[in-house]
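Novice: File target25.pdb follows (PDB, C-alpha atoms):
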MODEL        1
ATOM      1  CA  MET A 284     -19.304  55.069 -79.668
ATOM      2  CA  GLY A 285     -16.603  56.460 -81.895
ATOM      3  CA  ALA A 286     -14.014  54.264 -83.536
ATOM      4  CA  ARG A 287     -11.364  55.637 -81.215
ATOM      5  CA  ARG A 288     -13.205  54.618 -78.061
ATOM      6  CA  MET A 289     -13.992  51.221 -79.500
ATOM      7  CA  VAL A 290     -10.330  50.628 -80.197
ATOM      8  CA  LEU A 291      -9.385  51.812 -76.739
ATOM      9  CA  VAL A 292     -11.886  49.511 -75.044
ATOM     10  CA  ALA A 293     -10.579  46.654 -77.175
ATOM     11  CA  LEU A 294      -7.029  47.431 -76.132
ATOM     12  CA  TYR A 295      -8.038  47.607 -72.490
ATOM     13  CA  THR A 296      -9.814  44.273 -72.864
ATOM     14  CA  ALA A 297      -6.710  42.691 -74.323
ATOM     15  CA  ALA A 298      -4.609  44.102 -71.506
ATOM     16  CA  ALA A 299      -7.093  42.915 -68.898
ATOM     17  CA  LEU A 300      -7.131  39.420 -70.407
ATOM     18  CA  ILE A 301      -3.372  39.163 -70.337
ATOM     19  CA  LEU A 302      -3.256  40.458 -66.791
ATOM     20  CA  GLY A 303      -5.943  37.955 -65.866
ATOM     21  CA  LEU A 304      -3.946  35.088 -67.338
ATOM     22  CA  LEU A 305      -0.892  36.256 -65.455
ATOM     23  CA  ASP A 306      -3.047  36.339 -62.352
ATOM     24  CA  SER A 307      -4.133  32.722 -62.745
ATOM     25  CA  ALA A 308      -0.575  31.665 -63.422
ATOM     26  CA  ILE A 309       0.488  32.783 -59.970
ATOM     27  CA  PRO A 310      -0.468  29.928 -57.613
ATOM     28  CA  LEU A 311      -1.496  32.073 -54.691
ATOM     29  CA  PRO A 312      -3.815  29.458 -53.142
ATOM     30  CA  ALA A 313      -0.724  27.378 -52.450
ATOM     31  CA  PHE A 314       0.637  30.031 -50.113
ATOM     32  CA  ILE A 315      -2.600  31.505 -48.895
ATOM     33  CA  PRO A 316      -5.241  28.843 -48.411
ATOM     34  CA  LEU A 317      -8.327  30.829 -49.229
ATOM     35  CA  PRO A 318     -10.692  29.999 -52.083
ATOM     36  CA  GLY A 319     -10.610  32.556 -54.833
ATOM     37  CA  VAL A 320      -7.606  34.443 -53.592
ATOM     38  CA  ARG A 321      -5.765  36.257 -56.348
ATOM     39  CA  LEU A 322      -3.787  39.398 -57.043
ATOM     40  CA  GLY A 323      -6.525  40.957 -59.123
ATOM     41  CA  LEU A 324      -4.129  42.361 -61.694
ATOM     42  CA  ALA A 325      -6.874  42.753 -64.281
ATOM     43  CA  ASN A 326      -8.245  45.551 -62.141
ATOM     44  CA  ILE A 327      -5.306  47.677 -63.185
ATOM     45  CA  ALA A 328      -6.822  47.805 -66.651
ATOM     46  CA  GLY A 329     -10.291  48.218 -65.176
ATOM     47  CA  MET A 330      -9.263  51.168 -63.064
ATOM     48  CA  LEU A 331      -7.404  52.856 -65.876
ATOM     49  CA  ALA A 332     -10.428  52.425 -68.127
ATOM     50  CA  LEU A 333     -12.653  53.829 -65.415
ATOM     51  CA  LEU A 334     -10.450  56.854 -64.988
ATOM     52  CA  THR A 335      -9.845  57.606 -68.652
ATOM     53  CA  LEU A 336     -12.951  56.353 -70.452
ATOM     54  CA  GLY A 337     -15.621  56.581 -67.790
ATOM     55  CA  ALA A 338     -17.911  54.129 -66.036
ATOM     56  CA  PRO A 339     -20.036  52.854 -68.960
ATOM     57  CA  MET A 340     -16.973  51.866 -70.954
ATOM     58  CA  ALA A 341     -15.377  50.371 -67.863
ATOM     59  CA  PHE A 342     -18.429  48.196 -67.317
ATOM     60  CA  LEU A 343     -18.262  47.115 -70.930
ATOM     61  CA  LEU A 344     -14.634  46.235 -70.369
ATOM     62  CA  THR A 345     -15.523  44.140 -67.335
ATOM     63  CA  LEU A 346     -18.180  42.278 -69.294
ATOM     64  CA  CYS A 347     -15.844  41.615 -72.210
ATOM     65  CA  ARG A 348     -12.861  40.495 -70.217
ATOM     66  CA  CYS A 349     -14.904  38.175 -68.000
ATOM     67  CA  LEU A 350     -16.625  36.485 -70.943
ATOM     68  CA  LEU A 351     -13.482  36.213 -73.010
ATOM     69  CA  GLY A 352     -11.475  35.190 -69.986
ATOM     70  CA  ALA A 353     -13.793  32.281 -69.331
ATOM     71  CA  LEU A 354     -13.577  31.274 -72.991
ATOM     72  CA  VAL A 355      -9.799  31.453 -73.051
ATOM     73  CA  SER A 356      -9.247  29.568 -69.836
ATOM     74  CA  GLY A 357     -11.937  27.058 -70.680
ATOM     75  CA  ASN A 358     -13.335  27.406 -67.195
ATOM     76  CA  ALA A 359     -16.988  28.208 -67.630
ATOM     77  CA  PHE A 360     -17.753  27.571 -63.995
ATOM     78  CA  ALA A 361     -15.586  30.477 -62.963
ATOM     79  CA  LEU A 362     -17.723  32.772 -65.114
ATOM     80  CA  VAL A 363     -20.444  32.929 -62.471
ATOM     81  CA  TYR A 364     -17.944  34.281 -60.026
ATOM     82  CA  SER A 365     -15.816  36.440 -62.209
ATOM     83  CA  LEU A 366     -18.780  38.208 -63.794
ATOM     84  CA  GLY A 367     -20.738  38.663 -60.586
ATOM     85  CA  ALA A 368     -17.764  39.735 -58.564
ATOM     86  CA  GLY A 369     -16.280  41.736 -61.426
ATOM     87  CA  LEU A 370     -19.412  43.764 -62.046
ATOM     88  CA  LEU A 371     -19.947  44.450 -58.366
ATOM     89  CA  ALA A 372     -16.309  45.461 -58.015
ATOM     90  CA  MET A 373     -16.608  47.810 -60.978
ATOM     91  CA  ALA A 374     -19.772  49.291 -59.517
ATOM     92  CA  ALA A 375     -17.970  49.946 -56.245
ATOM     93  CA  MET A 376     -15.044  51.479 -58.099
ATOM     94  CA  ALA A 377     -17.369  53.634 -60.184
ATOM     95  CA  LEU A 378     -18.993  54.862 -56.992
ATOM     96  CA  ALA A 379     -15.637  55.581 -55.367
ATOM     97  CA  ARG A 380     -14.495  57.328 -58.490
ATOM     98  CA  ARG A 381     -17.150  59.992 -58.053
ATOM     99  CA  PHE A 382     -15.169  61.279 -55.111
ATOM    100  CA  TYR A 383     -11.923  61.246 -57.001
ATOM    101  CA  PRO A 384      -9.591  63.087 -57.016
ATOM    102  CA  ARG A 385     -10.589  65.558 -54.334
ATOM    103  CA  HIS A 386     -11.753  63.202 -51.618
ATOM    104  CA  MET A 387     -10.464  59.871 -52.793
ATOM    105  CA  SER A 388      -7.153  58.568 -54.004
ATOM    106  CA  ILE A 389      -6.550  55.758 -56.445
ATOM    107  CA  TRP A 390      -5.954  53.487 -53.475
ATOM    108  CA  GLY A 391      -9.492  54.125 -52.264
ATOM    109  CA  ILE A 392     -10.941  53.209 -55.652
ATOM    110  CA  SER A 393      -8.810  50.074 -55.738
ATOM    111  CA  MET A 394      -9.738  49.073 -52.205
ATOM    112  CA  ALA A 395     -13.423  49.627 -52.886
ATOM    113  CA  GLY A 396     -13.129  47.298 -55.863
ATOM    114  CA  ALA A 397     -11.201  44.640 -53.970
ATOM    115  CA  THR A 398     -13.599  44.699 -51.030
ATOM    116  CA  ALA A 399     -16.662  44.512 -53.252
ATOM    117  CA  HIS A 400     -15.080  41.697 -55.238
ATOM    118  CA  ASN A 401     -14.405  39.617 -52.138
ATOM    119  CA  LEU A 402     -17.830  40.324 -50.712
ATOM    120  CA  ALA A 403     -19.437  39.226 -53.958
ATOM    121  CA  GLN A 404     -17.365  36.037 -54.151
ATOM    122  CA  VAL A 405     -18.202  35.004 -50.622
ATOM    123  CA  GLY A 406     -21.821  35.970 -51.162
ATOM    124  CA  ILE A 407     -22.069  33.858 -54.321
ATOM    125  CA  ALA A 408     -20.400  30.955 -52.519
ATOM    126  CA  ALA A 409     -22.872  31.269 -49.663
ATOM    127  CA  LEU A 410     -25.727  31.150 -52.171
ATOM    128  CA  ILE A 411     -24.313  28.096 -53.916
ATOM    129  CA  ILE A 412     -23.805  26.062 -50.797
ATOM    130  CA  GLN A 413     -26.872  27.540 -49.144
ATOM    131  CA  ASP A 414     -25.136  28.392 -45.904
ATOM    132  CA  THR A 415     -23.607  31.469 -44.328
ATOM    133  CA  ALA A 416     -20.722  29.490 -42.875
ATOM    134  CA  VAL A 417     -18.409  30.749 -45.621
ATOM    135  CA  PHE A 418     -18.624  34.267 -44.287
ATOM    136  CA  ILE A 419     -15.937  33.331 -41.844
ATOM    137  CA  LEU A 420     -13.572  33.552 -44.820
ATOM    138  CA  LEU A 421     -14.431  37.154 -45.568
ATOM    139  CA  PRO A 422     -12.184  38.934 -43.026
ATOM    140  CA  PRO A 423      -8.906  37.388 -44.197
ATOM    141  CA  LEU A 424      -9.951  37.909 -47.813
ATOM    142  CA  ILE A 425     -10.690  41.567 -47.195
ATOM    143  CA  LEU A 426      -7.445  42.120 -45.338
ATOM    144  CA  LEU A 427      -5.503  40.464 -48.124
ATOM    145  CA  GLY A 428      -7.550  42.531 -50.527
ATOM    146  CA  GLY A 429      -6.141  45.589 -48.828
ATOM    147  CA  LEU A 430      -2.659  44.475 -49.751
ATOM    148  CA  THR A 431      -3.462  43.542 -53.329
ATOM    149  CA  ALA A 432      -5.436  46.757 -53.741
ATOM    150  CA  THR A 433      -2.360  48.693 -52.691
ATOM    151  CA  LEU A 434      -0.312  46.872 -55.283
ATOM    152  CA  THR A 435      -2.747  47.429 -58.144
ATOM    153  CA  ALA A 436      -3.227  51.063 -57.154
ATOM    154  CA  LEU A 437       0.521  51.657 -57.210
ATOM    155  CA  ILE A 438       0.858  50.078 -60.630
ATOM    156  CA  ALA A 439      -2.124  51.971 -62.045
ATOM    157  CA  LYS A 440      -0.756  55.221 -60.696
ATOM    158  CA  ALA A 441       2.662  54.517 -62.183
ATOM    159  CA  VAL A 442       1.114  53.782 -65.570
ATOM    160  CA  MET A 443      -0.906  56.965 -65.538
ATOM    161  CA  LYS A 444       2.130  59.029 -64.704
ATOM    162  CA  ARG A 445       4.236  57.668 -67.497
ATOM    163  CA  LEU A 446       1.826  57.836 -70.387
ATOM    164  CA  PRO A 447       1.597  61.075 -72.324
ATOM    165  CA  GLU A 448      -1.490  63.156 -71.858
ATOM    166  CA  GLY A 449      -4.472  61.818 -73.763
ATOM    167  CA  THR A 450      -2.911  58.526 -74.774
ATOM    168  CA  LEU A 451      -5.431  56.361 -73.000
ATOM    169  CA  GLY A 452      -8.478  58.481 -73.562
ATOM    170  CA  ASP A 453      -9.898  61.677 -72.182
ATOM    171  CA  THR A 454      -9.289  61.936 -68.456
TER     172      THR A 454
ATOM    173  CA  MET B 157       1.150  64.816 -39.529
ATOM    174  CA  ASP B 158      -0.577  66.963 -42.076
ATOM    175  CA  ALA B 159       2.468  66.922 -44.310
ATOM    176  CA  LEU B 160       2.652  63.158 -43.981
ATOM    177  CA  ILE B 161      -0.943  62.736 -45.067
ATOM    178  CA  ARG B 162      -0.466  65.108 -47.935
ATOM    179  CA  HIS B 163       2.648  63.275 -49.081
ATOM    180  CA  ILE B 164       1.083  59.832 -49.005
ATOM    181  CA  GLY B 165      -2.075  61.239 -50.473
ATOM    182  CA  ILE B 166      -4.620  59.706 -48.129
ATOM    183  CA  LYS B 167      -7.985  61.380 -48.355
ATOM    184  CA  TRP B 168     -11.025  60.976 -46.177
ATOM    185  CA  GLY B 169     -12.669  58.886 -48.901
ATOM    186  CA  ASP B 170      -9.912  56.308 -48.559
ATOM    187  CA  ILE B 171     -10.449  56.182 -44.827
ATOM    188  CA  ALA B 172     -14.183  55.741 -45.383
ATOM    189  CA  VAL B 173     -13.546  52.807 -47.700
ATOM    190  CA  ALA B 174     -11.102  51.250 -45.239
ATOM    191  CA  LEU B 175     -13.554  51.647 -42.375
ATOM    192  CA  PHE B 176     -16.330  50.102 -44.429
ATOM    193  CA  ALA B 177     -14.090  47.147 -45.216
ATOM    194  CA  LEU B 178     -13.278  46.710 -41.546
ATOM    195  CA  ALA B 179     -16.959  46.931 -40.655
ATOM    196  CA  LEU B 180     -17.623  44.134 -43.153
ATOM    197  CA  CYS B 181     -14.925  42.078 -41.471
ATOM    198  CA  ALA B 182     -16.515  42.593 -38.091
ATOM    199  CA  GLY B 183     -19.957  41.759 -39.433
ATOM    200  CA  ALA B 184     -18.756  38.613 -41.163
ATOM    201  CA  TRP B 185     -16.959  37.491 -38.046
ATOM    202  CA  ALA B 186     -20.065  38.103 -35.996
ATOM    203  CA  THR B 187     -22.170  35.803 -38.182
ATOM    204  CA  GLY B 188     -19.969  32.966 -36.993
ATOM    205  CA  LEU B 189     -20.743  33.598 -33.356
ATOM    206  CA  GLY B 190     -23.342  31.694 -31.477
ATOM    207  CA  ALA B 191     -23.279  28.709 -33.811
ATOM    208  CA  PRO B 192     -25.613  26.061 -32.377
ATOM    209  CA  GLY B 193     -23.676  23.860 -30.027
ATOM    210  CA  ALA B 194     -24.380  20.162 -30.180
ATOM    211  CA  GLY B 195     -22.097  18.916 -27.500
ATOM    212  CA  ASN B 196     -19.043  17.315 -28.923
ATOM    213  CA  ALA B 197     -17.440  18.667 -32.064
ATOM    214  CA  GLN B 198     -18.577  17.043 -35.281
ATOM    215  CA  VAL B 199     -17.544  17.052 -38.902
ATOM    216  CA  GLN B 200     -20.504  17.881 -41.100
ATOM    217  CA  ILE B 201     -20.063  17.119 -44.772
ATOM    218  CA  TYR B 202     -22.443  18.711 -47.227
ATOM    219  CA  LEU B 203     -23.058  17.971 -50.871
ATOM    220  CA  ASP B 204     -25.105  20.295 -53.043
ATOM    221  CA  GLY B 205     -26.731  22.051 -50.119
ATOM    222  CA  GLN B 206     -27.808  18.834 -48.415
ATOM    223  CA  ALA B 207     -26.130  17.164 -45.478
ATOM    224  CA  TYR B 208     -24.232  14.173 -46.756
ATOM    225  CA  THR B 209     -22.988  12.762 -43.505
ATOM    226  CA  THR B 210     -21.984  13.840 -40.038
ATOM    227  CA  VAL B 211     -19.240  12.159 -38.084
ATOM    228  CA  PRO B 212     -17.718  12.917 -34.718
ATOM    229  CA  LEU B 213     -14.488  14.854 -34.949
ATOM    230  CA  ASP B 214     -12.560  12.092 -33.286
ATOM    231  CA  ALA B 215     -13.555   9.575 -35.922
ATOM    232  CA  GLN B 216     -11.061   8.188 -38.381
ATOM    233  CA  GLY B 217     -11.715   7.649 -42.021
ATOM    234  CA  ILE B 218     -12.007   8.878 -45.552
ATOM    235  CA  TYR B 219     -15.359   9.995 -46.858
ATOM    236  CA  GLU B 220     -16.217  10.362 -50.505
ATOM    237  CA  PRO B 221     -19.372  12.385 -51.101
ATOM    238  CA  LEU B 222     -18.602  12.450 -54.818
ATOM    239  CA  PRO B 223     -16.366  10.240 -56.933
ATOM    240  CA  GLY B 224     -12.945  11.828 -56.801
ATOM    241  CA  VAL B 225     -13.677  14.131 -53.877
ATOM    242  CA  GLN B 226     -12.347  12.757 -50.624
ATOM    243  CA  ILE B 227     -12.380  14.141 -47.139
ATOM    244  CA  GLU B 228     -10.180  12.700 -44.461
ATOM    245  CA  VAL B 229     -11.017  12.842 -40.791
ATOM    246  CA  ALA B 230      -8.142  11.958 -38.508
ATOM    247  CA  GLN B 231      -6.636  13.020 -35.198
ATOM    248  CA  GLY B 232      -9.441  15.414 -34.411
ATOM    249  CA  ARG B 233      -9.176  17.278 -37.723
ATOM    250  CA  ALA B 234     -10.672  17.166 -41.186
ATOM    251  CA  ARG B 235      -9.398  18.112 -44.616
ATOM    252  CA  PHE B 236      -9.875  17.582 -48.319
ATOM    253  CA  VAL B 237      -7.334  15.080 -49.578
ATOM    254  CA  HIS B 238      -8.517  14.791 -53.112
ATOM    255  CA  SER B 239     -10.783  16.733 -55.397
ATOM    256  CA  THR B 240     -11.718  17.010 -59.040
ATOM    257  CA  CYS B 241     -11.859  20.773 -59.040
ATOM    258  CA  PRO B 242      -9.523  22.776 -61.306
ATOM    259  CA  ASP B 243      -8.416  25.076 -58.510
ATOM    260  CA  GLN B 244      -7.500  22.638 -55.741
ATOM    261  CA  SER B 245      -7.825  25.510 -53.309
ATOM    262  CA  CYS B 246     -10.015  23.294 -51.115
ATOM    263  CA  ILE B 247      -7.045  21.040 -50.516
ATOM    264  CA  HIS B 248      -4.786  23.993 -49.900
ATOM    265  CA  MET B 249      -7.114  25.111 -47.157
ATOM    266  CA  GLY B 250      -5.584  22.389 -45.075
ATOM    267  CA  TRP B 251      -6.956  21.073 -41.836
ATOM    268  CA  ALA B 252     -10.040  22.299 -40.033
ATOM    269  CA  GLN B 253     -10.576  21.481 -36.401
ATOM    270  CA  ALA B 254     -12.159  24.353 -34.493
ATOM    271  CA  PRO B 255     -15.967  24.620 -34.422
ATOM    272  CA  GLY B 256     -17.106  27.112 -37.023
ATOM    273  CA  GLN B 257     -14.299  26.425 -39.446
ATOM    274  CA  VAL B 258     -15.282  25.530 -42.971
ATOM    275  CA  LEU B 259     -13.580  23.931 -45.935
ATOM    276  CA  VAL B 260     -15.199  24.614 -49.254
ATOM    277  CA  CYS B 261     -14.873  23.158 -52.721
ATOM    278  CA  LEU B 262     -17.167  25.232 -54.884
ATOM    279  CA  PRO B 263     -16.973  23.554 -58.287
ATOM    280  CA  THR B 264     -17.928  20.233 -56.749
ATOM    281  CA  ARG B 265     -20.407  21.768 -54.284
ATOM    282  CA  VAL B 266     -18.840  19.777 -51.470
ATOM    283  CA  TRP B 267     -18.084  21.468 -48.224
ATOM    284  CA  VAL B 268     -17.202  20.646 -44.666
ATOM    285  CA  LYS B 269     -18.180  22.424 -41.492
ATOM    286  CA  ILE B 270     -16.929  21.728 -38.033
ATOM    287  CA  GLY B 271     -19.950  21.935 -35.796
ATOM    288  CA  GLY B 272     -20.294  21.842 -32.049
ATOM    289  CA  ASP B 273     -19.670  24.189 -29.157
ATOM    290  CA  THR B 274     -17.847  27.351 -30.051
ATOM    291  CA  PRO B 275     -14.662  28.149 -28.129
ATOM    292  CA  LEU B 276     -16.470  31.071 -26.498
ATOM    293  CA  ASP B 277     -17.816  30.689 -23.003
ATOM    294  CA  ALA B 278     -20.900  32.754 -23.648
ATOM    295  CA  VAL B 279     -22.427  35.104 -26.149
ATOM    296  CA  VAL B 280     -24.250  38.016 -24.591
ATOM    297  CA  GLY B 281     -26.722  40.168 -26.474
TER     298      GLY B 281
ENDMDL
END
For this file, write the structure as structure tokens.
Specialist:
Amino acid sequence: MGARRMVLVALYTAAALILGLLDSAIPLPAFIPLPGVRLGLANIAGMLALLTLGAPMAFLLTLCRCLLGALVSGNAFALVYSLGAGLLAMAAMALARRFYPRHMSIWGISMAGATAHNLAQVGIAALIIQDTAVFILLPPLILLGGLTATLTALIAKAVMKRLPEGTLGDT
Amino acid sequence: MDALIRHIGIKWGDIAVALFALALCAGAWATGLGAPGAGNAQVQIYLDGQAYTTVPLDAQGIYEPLPGVQIEVAQGRARFVHSTCPDQSCIHMGWAQAPGQVLVCLPTRVWVKIGGDTPLDAVVG
């Protein structure tokens, strides 16, 4: 890994961490009573990394921001979720990305990530409590995920448009 | 129609993803069907994967499976009133009363399920 890519991944990690903190600062559970509901803003950085640096670097980003995020927030318990869900989400996005841009738009990549993330969270919860009763929460989470995915996709698209060619990496 | 799709930029991949998500929704919803009926509705409280206690839904009281984690059953409904979790999303989930509904507090491993007959008349298949 060249120095340039290392720096870029580090910058993406920093951006993802900040976005993640912003995410936790927004008390969504108060309005939408679902466990683990959030805007998923850190995925903006994840998607951009995926699109400009490729899947391996994007996975590295996910790993870094989840570990550091847990350290920063002091919430080690959340690490089980964020890492599991984050990696699965990135895998889904990497898969979707293979069809981009001809057969898939950024929204599709975002939605794949959001859906995978929610599925993973509910799945992990079901494993922890040893019951499939939590699956009843999946439909509203997925539908909400559709909305948040739209938001993150719009922001990611806007960022890509405004940055000069080659700023973020090699597309 | 074509121009609309081109302008918004929807591609068949997006539709595939959306359909997959909807299929997941349907599947998840289906797992809640046919829950074993036990006559009257009951509040089942679980701690760490084991049943902690089961009370009829029309009972009244506060149950504390763990110090600091309290579940209130009143007026045919149940909810978390207090918890030691950092999120507090379990409390925000509010009241549960229909069979099949669950309230979950993951950090504390406490969760509540409303058991009993489902609102459906029959499940065929």
Novice: Please check the contacts: residues of chain A at most 9 Å away from chain B, using all atoms listed in the file, listed as a PyMOL selection string.
Specialist: chain A and resi 312-320+358+360-361+379+382-392+394-395+398-399+402+408+411-423+425-426+429
Novice: Measure the distance from CA of Ala297 (chain A) to CA of Leu378 (chain A) in Å and round it to one decimal.
Specialist: 24.5 Å
Novice: Starting from the PyMOL selection byres ((chain A and resi 344) around 9), expand the selection into actual residues of this file and give them as a PDB file with C-alpha atoms, keeping the file's coordinate frame.
Specialist:
ATOM      1  CA  VAL A 292     -11.886  49.511 -75.044  1.00  0.00           C
ATOM      2  CA  ALA A 293     -10.579  46.654 -77.175  1.00  0.00           C
ATOM      3  CA  TYR A 295      -8.038  47.607 -72.490  1.00  0.00           C
ATOM      4  CA  THR A 296      -9.814  44.273 -72.864  1.00  0.00           C
ATOM      5  CA  ALA A 299      -7.093  42.915 -68.898  1.00  0.00           C
ATOM      6  CA  ALA A 328      -6.822  47.805 -66.651  1.00  0.00           C
ATOM      7  CA  GLY A 329     -10.291  48.218 -65.176  1.00  0.00           C
ATOM      8  CA  ALA A 332     -10.428  52.425 -68.127  1.00  0.00           C
ATOM      9  CA  PRO A 339     -20.036  52.854 -68.960  1.00  0.00           C
ATOM     10  CA  MET A 340     -16.973  51.866 -70.954  1.00  0.00           C
ATOM     11  CA  ALA A 341     -15.377  50.371 -67.863  1.00  0.00           C
ATOM     12  CA  PHE A 342     -18.429  48.196 -67.317  1.00  0.00           C
ATOM     13  CA  LEU A 343     -18.262  47.115 -70.930  1.00  0.00           C
ATOM     14  CA  THR A 345     -15.523  44.140 -67.335  1.00  0.00           C
ATOM     15  CA  LEU A 346     -18.180  42.278 -69.294  1.00  0.00           C
ATOM     16  CA  CYS A 347     -15.844  41.615 -72.210  1.00  0.00           C
ATOM     17  CA  ARG A 348     -12.861  40.495 -70.217  1.00  0.00           C
ATOM     18  CA  CYS A 349     -14.904  38.175 -68.000  1.00  0.00           C
TER      19      CYS A 349
END
Novice: Expressed in Å to a single decimal, how great is the separation between CA of Ile309 (chain A) and CA of Pro223 (chain B)?
Specialist: 28.3 Å
Novice: One decimal, in Å: what's the spacing between CA of Val229 (chain B) and CA of Ala215 (chain B)?
Specialist: 6.4 Å
